[in-house]
Each structure stands twice: as structure tokens, then as C-alpha cells.
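Everything below belongs to final22.txt, which stores compact mmCIF, C-alpha atoms.
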# COMPACT_ATOMS: atom_id res chain seq x y z
CA MET K 1 61.30 -35.53 -64.11
CA SER K 2 63.65 -36.72 -61.39
CA ILE K 3 67.16 -37.29 -62.72
CA PRO K 4 69.25 -39.95 -60.94
CA THR K 5 72.87 -39.38 -60.01
CA LYS K 6 74.01 -42.77 -61.35
CA MET K 7 73.45 -44.62 -64.63
CA HIS K 8 74.71 -47.62 -66.59
CA GLY K 9 76.49 -47.62 -69.90
CA LEU K 10 78.84 -49.46 -72.25
CA VAL K 11 82.13 -47.62 -71.74
CA LEU K 12 85.34 -47.76 -73.74
CA LYS K 13 88.27 -49.72 -72.33
CA ASP K 14 90.97 -47.88 -74.29
CA ASP K 15 92.04 -44.43 -75.46
CA GLY K 16 93.07 -43.24 -78.89
CA PHE K 17 93.63 -45.30 -82.02
CA SER K 18 94.58 -48.96 -82.28
CA GLY K 19 96.45 -48.77 -85.58
CA THR K 20 94.51 -51.76 -86.91
CA SER K 21 92.28 -51.90 -90.00
CA GLU K 22 90.37 -55.13 -89.44
CA GLY K 23 86.95 -53.78 -90.42
CA PRO K 24 83.74 -53.64 -88.36
CA ALA K 25 83.26 -57.38 -87.72
CA ILE K 26 83.53 -58.47 -84.08
CA THR K 27 83.18 -61.77 -82.27
CA SER K 28 83.19 -60.30 -78.75
CA LEU K 29 82.71 -56.93 -77.03
CA GLU K 30 85.00 -57.99 -74.20
CA PRO K 31 88.21 -56.45 -75.63
CA TYR K 32 86.57 -53.09 -76.23
CA LEU K 33 83.71 -52.27 -73.81
CA ASP K 34 82.68 -52.67 -70.16
CA TYR K 35 79.08 -52.45 -68.88
CA VAL K 36 79.43 -50.35 -65.72
CA GLU K 37 77.72 -47.95 -63.38
CA LEU K 38 78.89 -44.34 -63.69
CA ASP K 39 77.83 -40.80 -62.82
CA VAL K 40 75.12 -39.11 -64.85
CA PRO K 41 77.00 -36.29 -66.65
CA GLU K 42 76.19 -32.58 -66.34
CA PRO K 43 75.47 -30.52 -69.48
CA GLN K 44 77.69 -27.48 -70.03
CA ASP K 45 76.85 -24.33 -72.01
CA GLY K 46 75.58 -25.31 -75.47
CA GLN K 47 74.84 -28.87 -74.34
CA VAL K 48 71.83 -30.91 -73.22
CA LEU K 49 71.38 -34.03 -71.11
CA ILE K 50 69.25 -36.66 -72.86
CA ARG K 51 67.49 -39.70 -71.44
CA THR K 52 68.23 -42.34 -74.04
CA ILE K 53 65.21 -44.15 -75.49
CA MET K 54 66.89 -46.20 -78.24
CA ALA K 55 70.33 -46.18 -79.85
CA SER K 56 71.31 -47.54 -83.24
CA VAL K 57 74.38 -49.63 -83.99
CA ASN K 58 76.27 -48.66 -87.15
CA PRO K 59 79.44 -50.07 -88.74
CA SER K 60 81.13 -46.79 -87.77
CA ASP K 61 80.45 -47.66 -84.11
CA MET K 62 82.30 -50.93 -84.53
CA HIS K 63 85.26 -49.23 -86.21
CA PHE K 64 85.27 -46.67 -83.37
CA ILE K 65 85.29 -49.10 -80.43
CA LYS K 66 88.13 -50.97 -82.14
CA GLY K 67 90.13 -47.73 -82.53
CA GLU K 68 89.86 -47.70 -86.32
CA TYR K 69 87.64 -44.64 -86.81
CA GLY K 70 88.65 -41.06 -87.64
CA VAL K 71 88.24 -39.78 -84.06
CA PRO K 72 90.10 -41.12 -81.00
CA ARG K 73 88.49 -43.18 -78.25
CA ARG K 74 88.22 -41.83 -74.68
CA LYS K 75 88.68 -44.47 -72.00
CA GLY K 76 85.79 -44.65 -69.52
CA VAL K 77 83.35 -42.75 -71.75
CA PRO K 78 80.26 -44.50 -73.18
CA ALA K 79 80.43 -45.49 -76.86
CA GLY K 80 77.60 -44.99 -79.37
CA PHE K 81 77.24 -42.29 -81.99
CA GLU K 82 73.50 -42.06 -82.63
CA ALA K 83 70.21 -42.36 -80.72
CA VAL K 84 66.81 -40.90 -79.91
CA GLY K 85 65.90 -39.64 -76.47
CA GLU K 86 64.17 -37.01 -74.36
CA VAL K 87 66.02 -33.87 -73.31
CA VAL K 88 65.77 -33.66 -69.50
CA LYS K 89 68.26 -30.89 -68.64
CA ALA K 90 70.10 -28.16 -70.50
CA GLY K 91 73.07 -25.88 -70.21
CA LYS K 92 72.87 -22.29 -71.39
CA GLY K 93 71.49 -22.14 -74.92
CA GLY K 94 69.69 -25.47 -74.81
CA GLU K 95 66.70 -24.59 -72.65
CA GLY K 96 64.29 -24.68 -75.60
CA LEU K 97 64.91 -28.40 -76.11
CA VAL K 98 63.98 -29.52 -72.59
CA GLY K 99 61.05 -31.96 -72.74
CA LYS K 100 61.47 -32.60 -76.46
CA ARG K 101 62.19 -35.92 -78.16
CA VAL K 102 65.31 -35.54 -80.29
CA GLY K 103 67.44 -37.55 -82.63
CA PHE K 104 71.03 -36.83 -81.63
CA PHE K 105 74.72 -37.53 -81.96
CA GLY K 106 76.41 -38.49 -78.70
CA SER K 107 79.02 -35.84 -79.34
CA ALA K 108 80.16 -35.22 -75.76
CA SER K 109 79.34 -38.62 -74.24
CA GLY K 110 78.22 -41.68 -76.14
CA ALA K 111 74.62 -42.81 -76.67
CA TRP K 112 75.09 -46.37 -75.38
CA ALA K 113 74.08 -45.34 -71.87
CA ASP K 114 70.97 -44.48 -69.87
CA TYR K 115 71.78 -40.78 -70.32
CA ALA K 116 73.96 -38.96 -72.83
CA ILE K 117 75.33 -35.47 -73.38
CA SER K 118 75.03 -33.88 -76.81
CA GLU K 119 75.76 -30.50 -78.28
CA VAL K 120 72.60 -28.52 -79.04
CA SER K 121 73.72 -28.27 -82.67
CA MET K 122 73.79 -32.08 -82.87
CA CYS K 123 70.13 -32.53 -81.84
CA VAL K 124 67.13 -32.64 -84.18
CA PRO K 125 63.62 -32.32 -82.64
CA VAL K 126 61.53 -35.25 -83.86
CA ILE K 127 57.93 -34.88 -85.03
CA ASP K 128 55.27 -37.14 -83.51
CA GLN K 129 54.71 -39.09 -86.74
CA VAL K 130 58.25 -40.52 -86.69
CA ARG K 131 58.70 -43.81 -84.77
CA ASP K 132 61.45 -44.27 -82.19
CA GLU K 133 63.00 -46.93 -84.46
CA ASP K 134 63.32 -44.34 -87.23
CA ALA K 135 64.30 -41.48 -84.92
CA ALA K 136 67.12 -43.59 -83.46
CA ALA K 137 68.57 -43.82 -86.97
CA LEU K 138 67.60 -40.31 -88.05
CA LEU K 139 71.05 -38.88 -88.65
CA VAL K 140 73.92 -41.14 -89.71
CA ASN K 141 72.28 -43.14 -92.49
CA PRO K 142 69.60 -40.66 -93.68
CA LEU K 143 71.90 -37.63 -93.85
CA THR K 144 74.61 -39.76 -95.46
CA ALA K 145 72.00 -40.97 -97.96
CA ILE K 146 71.12 -37.40 -98.89
CA ALA K 147 74.77 -36.37 -99.13
CA MET K 148 75.70 -39.46 -101.18
CA TYR K 149 72.72 -39.10 -103.52
CA GLU K 150 73.50 -35.44 -104.19
CA LEU K 151 77.07 -36.42 -105.02
CA ALA K 152 75.95 -39.31 -107.25
CA LYS K 153 73.77 -37.12 -109.47
CA GLU K 154 76.24 -34.22 -109.81
CA ASN K 155 76.97 -33.09 -113.37
CA GLY K 156 73.72 -34.62 -114.61
CA ASN K 157 74.62 -38.26 -113.92
CA ALA K 158 71.58 -40.41 -114.74
CA CYS K 159 72.98 -43.66 -113.29
CA PHE K 160 75.33 -44.64 -110.47
CA ILE K 161 76.66 -47.79 -108.76
CA MET K 162 76.36 -48.78 -105.08
CA THR K 163 78.20 -51.56 -103.26
CA ALA K 164 76.96 -53.11 -99.99
CA ALA K 165 73.54 -52.32 -101.39
CA ALA K 166 71.62 -54.48 -98.88
CA SER K 167 72.56 -52.03 -96.11
CA GLN K 168 69.97 -49.75 -94.52
CA LEU K 169 71.84 -46.76 -95.93
CA CYS K 170 71.74 -48.00 -99.52
CA LYS K 171 68.03 -48.78 -99.23
CA LEU K 172 67.50 -45.12 -98.34
CA ILE K 173 69.63 -43.96 -101.28
CA ALA K 174 67.68 -46.26 -103.60
CA GLY K 175 64.44 -44.69 -102.34
CA LEU K 176 65.70 -41.21 -103.22
CA ALA K 177 66.74 -42.42 -106.67
CA LYS K 178 63.35 -44.05 -107.23
CA GLU K 179 61.60 -40.82 -106.27
CA GLU K 180 63.52 -38.87 -108.92
CA GLY K 181 63.85 -41.56 -111.60
CA THR K 182 67.63 -41.98 -111.34
CA LYS K 183 68.98 -45.41 -112.31
CA VAL K 184 70.91 -47.42 -109.71
CA ILE K 185 73.13 -50.47 -110.21
CA SER K 186 73.29 -52.21 -106.82
CA ILE K 187 75.93 -54.76 -105.86
CA VAL K 188 75.13 -57.41 -103.23
CA ARG K 189 76.60 -60.75 -102.08
CA ARG K 190 73.44 -62.85 -101.71
CA ASP K 191 70.68 -63.73 -104.17
CA GLU K 192 68.02 -63.24 -101.49
CA HIS K 193 68.52 -59.46 -101.65
CA VAL K 194 67.99 -59.07 -105.40
CA GLU K 195 64.20 -58.73 -105.75
CA ARG K 196 63.74 -56.85 -102.48
CA LEU K 197 66.23 -54.18 -103.49
CA LYS K 198 64.43 -53.71 -106.79
CA ASP K 199 61.32 -52.97 -104.73
CA TYR K 200 63.27 -50.33 -102.82
CA GLY K 201 64.26 -48.58 -106.06
CA SER K 202 67.36 -50.24 -107.51
CA THR K 203 67.17 -50.54 -111.30
CA HIS K 204 69.58 -53.47 -111.49
CA VAL K 205 70.84 -55.71 -108.67
CA LEU K 206 73.86 -57.96 -109.23
CA ASN K 207 75.35 -60.61 -106.96
CA CYS K 208 79.12 -60.13 -107.07
CA LYS K 209 79.57 -63.80 -106.13
CA ALA K 210 77.75 -65.01 -109.26
CA ASP K 211 79.78 -66.70 -112.01
CA ASP K 212 78.57 -64.23 -114.64
CA PHE K 213 78.94 -61.10 -112.48
CA GLU K 214 81.82 -59.62 -114.48
CA SER K 215 80.05 -59.95 -117.84
CA GLN K 216 76.78 -58.59 -116.42
CA MET K 217 78.59 -55.65 -114.82
CA GLN K 218 80.44 -54.78 -118.01
CA ALA K 219 77.21 -54.93 -120.04
CA LEU K 220 75.41 -52.57 -117.64
CA ILE K 221 78.35 -50.16 -117.57
CA LYS K 222 78.38 -50.11 -121.37
CA GLU K 223 74.61 -49.49 -121.49
CA HIS K 224 74.20 -46.88 -118.71
CA LYS K 225 77.70 -45.34 -118.45
CA PRO K 226 77.63 -44.73 -114.67
CA ARG K 227 80.37 -42.31 -113.59
CA VAL K 228 80.00 -42.52 -109.80
CA MET K 229 80.44 -45.55 -107.53
CA LEU K 230 79.37 -45.15 -103.89
CA ASP K 231 81.47 -47.75 -102.10
CA ALA K 232 81.36 -49.00 -98.51
CA VAL K 233 83.36 -52.20 -99.13
CA ALA K 234 86.61 -50.99 -100.76
CA ASP K 235 87.88 -54.43 -101.82
CA GLN K 236 89.21 -55.91 -105.06
CA THR K 237 85.70 -56.21 -106.53
CA SER K 238 85.24 -52.47 -106.04
CA SER K 239 88.56 -51.80 -107.79
CA ASP K 240 87.63 -54.07 -110.72
CA ILE K 241 84.28 -52.30 -111.14
CA PHE K 242 86.02 -48.92 -111.12
CA THR K 243 88.49 -50.09 -113.76
CA ALA K 244 85.57 -51.03 -116.03
CA MET K 245 83.81 -47.65 -115.60
CA PRO K 246 84.10 -44.94 -118.28
CA SER K 247 86.30 -41.84 -118.32
CA HIS K 248 85.73 -39.08 -115.71
CA SER K 249 84.45 -41.69 -113.20
CA ARG K 250 84.65 -41.19 -109.42
CA TRP K 251 85.16 -43.93 -106.85
CA VAL K 252 83.72 -42.49 -103.63
CA VAL K 253 84.72 -44.50 -100.56
CA TYR K 254 82.59 -43.85 -97.47
CA GLY K 255 83.19 -47.12 -95.60
CA LYS K 256 85.64 -50.02 -95.31
CA LEU K 257 83.67 -53.21 -94.66
CA SER K 258 86.38 -55.40 -96.13
CA PRO K 259 89.70 -55.85 -94.29
CA ASP K 260 91.40 -56.54 -97.64
CA ASN K 261 93.18 -53.77 -99.53
CA PRO K 262 92.52 -53.65 -103.30
CA ALA K 263 95.07 -53.41 -106.09
CA ILE K 264 94.65 -50.89 -108.91
CA ALA K 265 94.80 -52.64 -112.28
CA ASN K 266 95.53 -49.67 -114.55
CA MET K 267 97.13 -46.56 -113.05
CA GLY K 268 97.13 -44.93 -116.48
CA GLN K 269 93.39 -44.39 -116.19
CA PHE K 270 94.03 -41.63 -113.64
CA ILE K 271 96.08 -39.78 -116.24
CA PHE K 272 94.38 -40.47 -119.54
CA MET K 273 90.76 -41.06 -118.46
CA ASP K 274 90.61 -38.44 -115.68
CA LYS K 275 89.41 -40.90 -113.04
CA ASN K 276 89.44 -40.11 -109.32
CA ILE K 277 89.30 -41.97 -106.00
CA GLU K 278 88.02 -39.90 -103.08
CA GLY K 279 86.68 -40.29 -99.57
CA SER K 280 83.45 -39.01 -98.07
CA TRP K 281 82.72 -38.52 -94.34
CA LEU K 282 79.38 -37.32 -92.97
CA THR K 283 81.04 -35.23 -90.22
CA LYS K 284 82.99 -33.26 -92.83
CA TRP K 285 79.88 -32.82 -95.00
CA MET K 286 77.88 -31.48 -92.03
CA LYS K 287 80.62 -28.98 -91.16
CA GLU K 288 80.86 -27.75 -94.75
CA THR K 289 77.11 -27.58 -95.44
CA ALA K 290 75.25 -24.32 -94.80
CA PRO K 291 72.94 -24.42 -91.73
CA ASP K 292 69.80 -23.74 -93.79
CA LYS K 293 70.66 -26.62 -96.12
CA LEU K 294 71.24 -28.91 -93.13
CA MET K 295 67.85 -27.92 -91.73
CA GLN K 296 66.22 -28.69 -95.09
CA ALA K 297 67.96 -32.07 -95.14
CA GLY K 298 66.70 -32.81 -91.62
CA MET K 299 63.13 -31.97 -92.57
CA LYS K 300 63.42 -34.03 -95.76
CA VAL K 301 64.53 -37.03 -93.67
CA GLN K 302 61.57 -36.74 -91.30
CA GLN K 303 59.11 -36.28 -94.15
CA MET K 304 60.42 -39.43 -95.83
CA TYR K 305 59.91 -41.42 -92.61
CA ALA K 306 56.55 -39.84 -91.71
CA SER K 307 55.14 -40.55 -95.19
CA GLY K 308 56.29 -44.18 -95.14
CA SER K 309 58.66 -43.67 -98.10
CA TRP K 310 61.48 -44.65 -95.77
CA GLN K 311 61.36 -47.12 -92.91
CA THR K 312 64.08 -48.48 -90.66
CA ASP K 313 64.19 -52.27 -90.80
CA VAL K 314 65.08 -53.54 -87.33
CA ALA K 315 66.71 -56.96 -87.02
CA GLU K 316 66.96 -57.04 -83.21
CA VAL K 317 66.53 -54.86 -80.10
CA ILE K 318 68.98 -55.62 -77.26
CA SER K 319 69.28 -54.14 -73.77
CA LEU K 320 72.58 -52.53 -72.80
CA LYS K 321 73.13 -55.07 -70.03
CA ASP K 322 72.73 -57.94 -72.53
CA ALA K 323 74.97 -56.42 -75.20
CA HIS K 324 78.05 -58.52 -74.40
CA ALA K 325 76.03 -61.73 -74.66
CA LYS K 326 73.86 -60.86 -77.66
CA LEU K 327 75.28 -58.03 -79.78
CA PRO K 328 78.11 -59.84 -81.62
CA GLU K 329 75.74 -62.52 -82.95
CA ALA K 330 73.07 -59.96 -83.79
CA LEU K 331 75.52 -57.92 -85.86
CA GLY K 332 75.83 -60.88 -88.20
CA LYS K 333 72.23 -60.16 -89.23
CA MET K 334 72.72 -56.48 -90.04
CA ASN K 335 72.02 -57.01 -93.73
CA THR K 336 68.43 -57.87 -92.72
CA GLY K 337 68.00 -54.74 -90.61
CA LYS K 338 69.54 -52.54 -87.95
CA VAL K 339 70.42 -53.64 -84.45
CA MET K 340 69.16 -51.32 -81.71
CA LEU K 341 70.25 -50.93 -78.08
CA VAL K 342 67.90 -49.83 -75.28
CA PRO K 343 68.57 -48.99 -71.60
Encoding of this model in C-alpha cells:
Amino acid sequence: MSIPTKMHGLVLKDDGFSGTSEGPAITSLEPYLDYVELDVPEPQDGQVLIRTIMASVNPSDMHFIKGEYGVPRRKGVPAGFEAVGEVVKAGKGGEGLVGKRVGFFGSASGAWADYAISEVSMCVPVIDQVRDEDAAALLVNPLTAIAMYELAKENGNACFIMTAAASQLCKLIAGLAKEEGTKVISIVRRDEHVERLKDYGSTHVLNCKADDFESQMQALIKEHKPRVMLDAVADQTSSDIFTAMPSHSRWVVYGKLSPDNPAIANMGQFIFMDKNIEGSWLTKWMKETAPDKLMQAGMKVQQMYASGSWQTDVAEVISLKDAHAKLPEALGKMNTGKVMLVP
């Protein structure tokens, strides 16, 4: 395949961190990204060059372009954490991937471009039975789902709570729970999600905006005694749920969709009820997980997609050149499915 010398991509306008904590919502890409022509990068040792087929848009991408994520921005480098593509060139150590379709992290240059550089260790060869739509979202949500589900059922927990349960990630977690018979209490903000999430595997689905939410939540906590809450919102509702949970409970924060900071109602619970608040980050989990276990997780993800047990719901597919005009509005529909970018 002939590789051009130039490409187009959505590149970052700023370096480093912004110091803000506004959350992932955006009304315009203009402050953060430019659509420009730039040189096709060269892979170094341990890296591969990938022709991007489709890239997913995650809340973490929005935090990142705004300078609110855990890694600094690099001005002039394409954004985009996750995609699927074909390996077209390799540095030393990556030759075996050339010609293969891979799900990958844009670890050296972002995936929101015609071509991207990734470390060999951040690429997963994709089997033929997995669609591009699923392969483009093969890593961030599915691996997080596996990591979160393992955490939720530690110490024999038979029930756990999820916030932001209409997200693609939480649908995947619910599917794992359904497969193993674990009970899930899912929290949403719209009635339209209730029955659909039960189909995905949630045992109970509550709308936190409902007038009787507090009484329903307390009744379910009393009945099922969930001791883990997987939380991507981190607002006052999350704090109130945690306060109502039993002793030895864990509030696991893996996202911050709300710009509001919660207050803790009863600090004594941390002393006398042995409660804990902790964070979870996929990058840290991947670094701490043994390679053979990571490989097993990767195969589990592909098997779930290939069998139809998992499927990526896609709300909209947008070209990179149209992203400034169309992406902000499309992101408002993310609770109906993922937004994808294509060259």
C-alpha cells in the first residue's frame, strides 16, 4: 500500500493542563482543536503506523482536549484515544502486525487523524467476526467493563450499584453481570432508559430524577445490601447513595460527568462503618495487570462481540472534516449510542 506524506487530523491547540474541572460537555470544538494538514508520522522502534478506519469518541477524550484529563495535552498533535485501523508500517518489533486490522490506543499520536502511531503493546489484532464499529470501541469501554465488574464482585458481592447506567460502558458491565447472575442496581436520569437497561441485564433501574427515588433506593439497599458503587457522575446524588449504603461499602469513582462537587453528609461513616472512596483508571489497571491476564481480557472482549452478547450502539458517524460543525451536537445524543469519527 502506498503511504502518503501528508494527512489531515484534529490537532490540539494547547499544551498541558487547563486547571478547569468543567466536565466533558462542550458546545464548540473551536477552543480546543484545529482540522489541519500535517505530515504522516514515522513509527519508531516498538511502534506501528496505522491507517485509521474508525475512531470512537469517549468522555475521556472531551476531558483531555479541555486539559482536564490525567495526562497533559501536546499542542499540534492529533487528539483521540481509541480507534480501529490497518497497520501499514512498523518500526523494529512491530513487523508482525503489518497488514493486520487492530484495535488500538493512539499512544504516540492521536487517533483522530488519517494515520496514527501506536505502541505495539497498545494494539490488539481484531478477528474477522468483529465489526469495525465494535473494534473502534474495543479497548476503553470493554476493558474498563471487565476491570469494573471484577472489582464490583470482589469479596463475594452479589449486588452492586452503577450510576450513568445508560452509557455504553455500563451496558457492557450489565451484560457481564447478566451472564453470571450478579444483581445490578442501575441509576439513570430518564424514564426511557429503564426497560431497555433491564434487557441488557440490570436487575433494577431507577430514575434519580423521580420523586420517589430516595425511598426506592433505600428499599433496594436494605434488600440487596450492595457494597460497591461504580460511579461516573460523582455528584451529590452519588454521595447520598453512598451515605445510604451499608458498612464496608466502596465508592469507586472512574469518571466525573458532573461539574458539581458533592458534600459528604456523615464523615463518621469512614471511621465507624469502614467505608472508602477510591478512584479507578484503566491506564493504571492495564499497567498493574499481568500480560497473560490482559490477553485473556482482550480475547474475552472479542468473544463477547463476536457472539453478539455485546454490541456497540452507534448514534452517529461523522467525518473528521465535519467534526467542528457536527460533533458538539452529536455528543448530546451519547446516551443513545457512541459517536464515531472517520477520515
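With all atoms listed in the file as the atoms that count, the minimum distance from Asp61 in chain K to the choices K:Leu172, K:Ala330, K:Val140, K:Val342 is reached by K:Val140.
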- Would you kindly identify which residues have an atom no farther than 12 Å from (79.0, -48.2, -68.2), using all atoms listed in the file and the file's own coordinates, and write them out as a PyMOL selection string? chain K and resi 6-13+33-40+75-80+109-116+320-321+323+343
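You will find CA of Met340 in chain K at 18.8 Å from CA of Glu30 in chain K.
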- A straight line from CA of Leu49 in chain K to CA of Pro328 in chain K spans 28.7 Å
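Distances to Thr52 in chain K were evaluated for K:Ser118, K:Gln218, K:Thr203, K:Ser247 using all atoms listed in the file, and the minimum falls at K:Ser118.
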- Task: Please write as a PyMOL selection string the list of polymer residues whose atoms come within 12 Å of (61.8, -39.3, -104.7), counting all atoms listed in the file and keeping to the coordinates of the file.
- Result: chain K and resi 146+149+172-182+200-201+300-301+303-304+307+309-310
- Query: Of the candidates K:Ser121, K:Thr20, K:Ser258, K:Thr283, which one gets nearest to Thr163 in chain K if we count all atoms listed in the file?
  - Reply: K:Ser258
Box in all listed atoms of range 252-270 of chain K, axis-aligned, with 6 Å more on each side; write out centre and edge lengths in Å to one decimal as JSON.
{"center_x": 89.9, "center_y": -49.1, "center_z": -105.4, "size_x": 26.5, "size_y": 26.9, "size_z": 34.2}
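Across K:Asn155, K:Ser186, K:Ala55, K:Ala234, the tightest approach to Ala137 in chain K is made by K:Ala55 when counting all atoms listed in the file.
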- What does the distance between CA of Thr27 in chain K and CA of Lys256 in chain K come to in Å, to one decimal place? 17.7 Å
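If all atoms listed in the file are the atoms counted, then among K:Ser28, K:Gln47, K:Thr144, K:Thr312 the closest residue to Ser280 in chain K is K:Thr144.
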- Task: Go through K:Lys287, K:Ala164, K:Cys159, K:Gly255 and flag the residue nearest Leu220 in chain K, using all atoms listed in the file for the distances.
- Result: K:Cys159
If you count only C-alpha atoms, which residues fall within 7 Å of range 261-265 of chain K, apart from same-chain ones fewer than 2 positions away, as a compact mmCIF listing (two decimals) with C-alpha atoms, in the coordinates of the input?
# COMPACT_ATOMS: atom_id res chain seq x y z
CA ALA K 234 86.61 -50.99 -100.76
CA ASP K 235 87.88 -54.43 -101.82
CA GLN K 236 89.21 -55.91 -105.06
CA SER K 239 88.56 -51.80 -107.79
CA THR K 243 88.49 -50.09 -113.76
CA PRO K 259 89.70 -55.85 -94.29
CA MET K 267 97.13 -46.56 -113.05
Because some atoms of range 163-174 of chain K are absent here, can you restore N, CA and C atoms and send them as a compact mmCIF listing (two decimals), in the coordinates of the input?
# COMPACT_ATOMS: atom_id res chain seq x y z
N THR K 163 77.83 -50.27 -103.85
CA THR K 163 78.20 -51.56 -103.26
C THR K 163 77.54 -51.67 -101.89
N ALA K 164 77.61 -52.86 -101.29
CA ALA K 164 76.96 -53.11 -99.99
C ALA K 164 75.51 -52.64 -100.02
N ALA K 165 74.84 -52.93 -101.13
CA ALA K 165 73.54 -52.32 -101.39
C ALA K 165 72.41 -52.86 -100.52
N ALA K 166 72.66 -53.95 -99.78
CA ALA K 166 71.62 -54.48 -98.88
C ALA K 166 71.58 -53.72 -97.56
N SER K 167 72.51 -52.78 -97.36
CA SER K 167 72.56 -52.03 -96.11
C SER K 167 71.37 -51.09 -95.99
N GLN K 168 71.05 -50.70 -94.76
CA GLN K 168 69.97 -49.75 -94.52
C GLN K 168 70.24 -48.45 -95.26
N LEU K 169 71.49 -47.99 -95.25
CA LEU K 169 71.84 -46.76 -95.93
C LEU K 169 71.52 -46.83 -97.42
N CYS K 170 71.94 -47.90 -98.07
CA CYS K 170 71.74 -48.00 -99.52
C CYS K 170 70.27 -48.14 -99.88
N LYS K 171 69.48 -48.74 -99.00
CA LYS K 171 68.03 -48.78 -99.23
C LYS K 171 67.46 -47.37 -99.25
N LEU K 172 67.96 -46.51 -98.37
CA LEU K 172 67.50 -45.12 -98.34
C LEU K 172 67.92 -44.39 -99.61
N ILE K 173 69.16 -44.59 -100.05
CA ILE K 173 69.63 -43.96 -101.28
C ILE K 173 68.79 -44.42 -102.47
N ALA K 174 68.50 -45.72 -102.52
CA ALA K 174 67.68 -46.26 -103.60
C ALA K 174 66.30 -45.62 -103.61
